[in-house]
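Report on the following structure.
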Amino acid sequence: MKIPAENNHSDPVSEFILLGFPCIWEVQILLFSIFFVIYVLTLMGNLCIICAVWWNDHLHTPMYILLANFSFLEIWYVTSTVPNMLANFLSETNSISFYGCFIQFYFFFSMGTTETFFLSAMAFDRYLAICRPLHYPAVMTVQRCIRIGAGCWVCGFSCFLLPVYLISQLPFCGPNTIDHFLCDPGPLMNLSCVAAPATEIICAIFNSVLIFSTFLFITSSYTLVIRAVLRVPSAEGRHKAFSTCGSHLAVVSLFYGSIMVMYVSPTAGNPAGIQKIVTLFYSVMTPLFNPLIYSLRNKEMKQALRKLFRIMRLGQRQPLKN
């Protein structure tokens with residue numbers, strides 16, 4: 001792969017070079033094939049979750065409505081980076097325009113922020129269902145669930161406007177090579193012509209508050225859930241509750257474990273290779289794992305998916321009925 005010479009003059013940068021994974025052409029083709037398969041499987045897995053919830057009347061409940069929204073979010077989350085990464089595997093320039101870079105930055109991190117809100121909403125839903133079962137039908141109605149979901153989308157896409165604006169206002173005059181496969185705030189700020197400690201501190205505080213506040217909310221909710229489950233006298237009841245919550249906790253652990261390494265201290269100086277691996281894990285691998293986690297650990301979802309696959313195989317189009 002040919003890497004263009006870095007822009008070393010003082011003209012403003014009009015495009016960036018995403019270095020990605022520099023290696024010989026044969027390895028580039030291999031990586032393209034691997035990530036293309038992962039991308040297709042991710043789309044198929046999350047689409048199956050959405051279709052199973054949409055076509056199965058039994059799953060038209062707040063928990064599964066939030067799960068369908070989460071799967072829809074995962075489709076766009078992985079689409080914000082992987083197609084561009086796949087194109088760069090086959091490109092000789094790996095370039096992305098200045099505005100294209102910040103558009104990718106905004107959508108990728110806005111959807112990541114929306115994911116933290118949806119995980120919080122799903123944790124709150126499980127808290128109400130298990131710790132306040134008598135109040136749950138009145139509190140978590142389908143209409144209220146839809147409003148909560150809409151709030152997650154609006155808040156997620158509003159929060160990252162300030163960091164994107166602050167970083168986009170920094171002067172970029174060269175070099176313009178980003179040692180990453182996406183437009184990440186850390187490498188972007190490192191390319192600025194001038195030091196921007198205020199912007200770095202604001203972004204670090206913003207990320208820390210967002211990540212830790214939602215993480216503490218989620219862990220507090222599940223702590224109360226686990227305490228309530230342990231008091232359930234029936235072993236079958238405990239197993240059912242733990243099965244549902246275990247899926248959510250697995251997804252939370254995968255997602256938050258990786259983003260905390262990356263974005264709580266974005267200027268901590270993590271090696272570029274480590275940054276790429278960690279980013280690959282939470283941006284590409286977790287959207288692939290999430291449908292598997294939810295479908296394999298959830299009895300109702302497994303039944304709905306079996307019905308969905310049976311109807312697809314038979315070429316029928318009527319809604320799934322229990």
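Residue names in the structure tokens use chain letters A, B, ... in the order shown, residue numbers from 1 in each chain, and ligand numbers from 1 in the order shown.
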
- Residue neighbourhood His180 in chain A, 7 Å, only C-alpha atoms, exclusion window fewer than 5 positions, as a list in words: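 That gives Leu18, Leu19, Gly20 and Lys276 of chain A.
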
- Message: Can you tell me which residues surround Met140 in chain A at a distance of at most 8 Å, considering only C-alpha atoms, apart from same-chain residues fewer than 2 positions away, and format the answer as a PyMOL selection string?
- Response: chain A and resi 62+125+128+136-138+142+144-145

- Item | Residue list (alpha helix (DSSP H), DSSP) for range 112-317 of chain A, as a ChimeraX atom specification | /A:112-131,136-139,142-159,161-168,185-190,197-230,235-263,272-280,286-296,299-314

Expected file contents, prior selection, C-alpha atoms, as a short mmCIF file (atom, residue, chain, number, x, y, z; two decimals), in the first residue's frame:
```cif
data_model
loop_
_atom_site.label_atom_id
_atom_site.label_comp_id
_atom_site.auth_asym_id
_atom_site.auth_seq_id
_atom_site.Cartn_x
_atom_site.Cartn_y
_atom_site.Cartn_z
CA GLY A 112 -21.48 5.18 21.10
CA THR A 113 -22.96 7.73 23.52
CA THR A 114 -26.47 6.63 22.57
CA GLU A 115 -25.42 3.06 23.37
CA THR A 116 -24.48 4.04 26.93
CA PHE A 117 -27.95 5.59 27.37
CA PHE A 118 -29.70 2.52 25.99
CA LEU A 119 -27.70 0.24 28.28
CA SER A 120 -28.77 2.48 31.18
CA ALA A 121 -32.41 2.33 30.08
CA MET A 122 -32.25 -1.46 29.80
CA ALA A 123 -30.74 -1.69 33.29
CA PHE A 124 -33.51 0.54 34.67
CA ASP A 125 -36.13 -1.63 32.94
CA ARG A 126 -34.72 -4.77 34.59
CA TYR A 127 -34.57 -3.01 37.96
CA LEU A 128 -38.27 -2.10 37.75
CA ALA A 129 -39.28 -5.56 36.51
CA ILE A 130 -37.46 -7.45 39.26
CA CYS A 131 -37.35 -5.05 42.21
CA TYR A 136 -43.76 -2.24 36.64
CA PRO A 137 -46.87 -2.44 34.38
CA ALA A 138 -47.98 1.04 35.41
CA VAL A 139 -44.53 2.66 35.30
CA VAL A 142 -45.01 0.68 25.96
CA GLN A 143 -45.64 4.38 25.34
CA ARG A 144 -43.23 5.41 28.09
CA CYS A 145 -40.68 2.92 26.79
CA ILE A 146 -40.91 4.51 23.34
CA ARG A 147 -40.39 7.96 24.89
CA ILE A 148 -37.37 6.68 26.82
CA GLY A 149 -35.93 5.23 23.61
CA ALA A 150 -36.49 8.49 21.76
CA GLY A 151 -34.80 10.34 24.64
CA CYS A 152 -31.76 8.06 24.35
CA TRP A 153 -31.44 8.88 20.65
CA VAL A 154 -31.85 12.63 21.13
CA CYS A 155 -29.48 12.87 24.10
CA GLY A 156 -26.90 10.64 22.43
CA PHE A 157 -26.76 12.78 19.31
CA SER A 158 -26.74 16.03 21.28
CA CYS A 159 -23.96 15.27 23.75
CA LEU A 161 -21.73 18.31 19.53
CA LEU A 162 -19.43 20.26 21.89
CA PRO A 163 -16.33 17.99 21.65
CA VAL A 164 -16.65 17.75 17.87
CA TYR A 165 -16.99 21.51 17.57
CA LEU A 166 -14.00 22.23 19.84
CA ILE A 167 -11.69 19.81 18.04
CA SER A 168 -12.83 20.94 14.58
CA PRO A 185 -10.21 12.49 18.99
CA GLY A 186 -6.82 11.60 20.51
CA PRO A 187 -4.89 11.26 17.23
CA LEU A 188 -6.78 14.23 15.79
CA MET A 189 -5.74 16.52 18.64
CA ASN A 190 -2.15 15.31 18.28
CA PRO A 197 -4.67 21.72 26.75
CA ALA A 198 -8.06 23.30 27.45
CA THR A 199 -9.75 21.25 24.71
CA GLU A 200 -7.99 18.08 25.90
CA ILE A 201 -9.10 18.66 29.50
CA ILE A 202 -12.69 19.46 28.48
CA CYS A 203 -12.89 16.31 26.33
CA ALA A 204 -11.34 14.17 29.08
CA ILE A 205 -13.77 15.52 31.69
CA PHE A 206 -16.69 15.13 29.29
CA ASN A 207 -15.78 11.49 28.53
CA SER A 208 -15.15 10.65 32.17
CA VAL A 209 -18.44 12.13 33.38
CA LEU A 210 -20.44 10.44 30.62
CA ILE A 211 -18.81 7.03 30.98
CA PHE A 212 -18.67 6.85 34.77
CA SER A 213 -22.13 8.34 35.41
CA THR A 214 -23.86 5.84 33.13
CA PHE A 215 -21.63 2.99 34.34
CA LEU A 216 -22.40 3.74 37.99
CA PHE A 217 -26.11 3.97 37.21
CA ILE A 218 -26.00 0.58 35.47
CA THR A 219 -23.95 -1.14 38.18
CA SER A 220 -26.18 0.33 40.92
CA SER A 221 -29.29 -0.93 39.15
CA TYR A 222 -27.90 -4.43 38.74
CA THR A 223 -26.60 -4.51 42.30
CA LEU A 224 -30.16 -3.93 43.51
CA VAL A 225 -31.41 -6.51 40.98
CA ILE A 226 -28.95 -9.15 42.16
CA ARG A 227 -29.89 -8.51 45.80
CA ALA A 228 -33.56 -8.94 44.93
CA VAL A 229 -32.91 -12.09 42.89
CA LEU A 230 -30.95 -13.72 45.71
CA ALA A 235 -34.42 -21.74 42.15
CA GLU A 236 -36.18 -21.59 38.77
CA GLY A 237 -37.14 -17.96 39.36
CA ARG A 238 -33.56 -17.08 40.29
CA HIS A 239 -32.23 -18.81 37.20
CA LYS A 240 -34.66 -16.99 34.89
CA ALA A 241 -33.83 -13.60 36.40
CA PHE A 242 -30.08 -14.23 36.29
CA SER A 243 -30.34 -15.43 32.70
CA THR A 244 -31.94 -12.18 31.56
CA CYS A 245 -29.65 -9.93 33.62
CA GLY A 246 -26.59 -11.98 32.73
CA SER A 247 -27.02 -11.08 29.05
CA HIS A 248 -27.17 -7.37 29.88
CA LEU A 249 -24.20 -7.57 32.24
CA ALA A 250 -22.10 -9.39 29.63
CA VAL A 251 -22.79 -6.67 27.06
CA VAL A 252 -22.08 -3.91 29.61
CA SER A 253 -18.78 -5.55 30.60
CA LEU A 254 -17.62 -5.90 27.00
CA PHE A 255 -18.52 -2.35 26.03
CA TYR A 256 -17.50 -0.41 29.12
CA GLY A 257 -14.35 -2.41 29.75
CA SER A 258 -12.93 -1.36 26.38
CA ILE A 259 -14.11 2.26 26.21
CA MET A 260 -12.72 3.00 29.68
CA VAL A 261 -9.28 1.95 28.47
CA MET A 262 -9.53 4.34 25.54
CA TYR A 263 -11.48 7.47 26.42
CA ALA A 272 -1.19 3.32 18.47
CA GLY A 273 -1.33 -0.47 18.07
CA ILE A 274 -3.10 -0.88 21.41
CA GLN A 275 -5.55 1.90 20.51
CA LYS A 276 -6.45 0.16 17.27
CA ILE A 277 -6.99 -3.22 18.91
CA VAL A 278 -9.14 -1.82 21.72
CA THR A 279 -11.15 0.29 19.26
CA LEU A 280 -11.64 -2.75 17.01
CA THR A 286 -19.06 -6.17 20.39
CA PRO A 287 -21.80 -5.43 17.81
CA LEU A 288 -21.11 -8.96 16.48
CA PHE A 289 -21.22 -10.56 19.96
CA ASN A 290 -24.30 -8.76 21.27
CA PRO A 291 -26.93 -10.63 19.16
CA LEU A 292 -25.26 -13.92 20.12
CA ILE A 293 -25.27 -13.03 23.81
CA TYR A 294 -28.92 -11.97 23.85
CA SER A 295 -30.18 -14.85 21.71
CA LEU A 296 -28.20 -17.65 23.37
CA LYS A 299 -35.28 -18.51 26.06
CA GLU A 300 -38.03 -16.31 24.58
CA MET A 301 -35.64 -14.82 22.04
CA LYS A 302 -34.40 -18.26 20.99
CA GLN A 303 -37.98 -19.41 20.44
CA ALA A 304 -38.81 -16.30 18.41
CA LEU A 305 -35.69 -16.72 16.27
CA ARG A 306 -36.48 -20.38 15.61
CA LYS A 307 -39.95 -19.37 14.41
CA LEU A 308 -38.45 -16.59 12.30
CA PHE A 309 -35.96 -18.95 10.62
CA ARG A 310 -38.69 -21.54 10.04
CA ILE A 311 -40.95 -19.02 8.33
CA MET A 312 -38.04 -17.64 6.26
CA ARG A 313 -37.18 -21.17 5.18
CA LEU A 314 -40.77 -21.90 4.16
#
```

- Message: Just to confirm, what's the straight-line distance from CA of Trp76 in chain A to CA of Phe89 in chain A in Å (one decimal)?
- Response: 20.4 Å

- Message: Can you tell me which residues surround Met44 in chain A at a distance of at most 10 Å, considering only C-alpha atoms, apart from same-chain residues fewer than 4 positions away, and format the answer as a list in words?
- Response: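 With the cut-off at 10 Å, the set is Ile38, Tyr39, Val40, Cys48, Ile49, Ile50, Ile75, Leu288 and Pro291 of chain A.
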
- Task: Fewer than 6 positions away in the same chain doesn't count, so skip those; otherwise give me all residues within 10 Å of Phe32 in chain A, counting only C-alpha atoms, as JSON, numbers by chain.
- Result: {"A": [26, 38, 85, 86, 87, 88, 89, 90]}

- So which residues touch Ser95 in chain A within 7 Å, counting only C-alpha atoms, skipping near sequence neighbours fewer than 3 positions away, as a list of chain:residue names? A:Glu15, A:Phe16, A:Ile17, A:Leu18

- Item | Coordinates-based distance that separates CA of Phe108 in chain A from CA of Met63 in chain A (Å, one decimal) | 24.9 Å
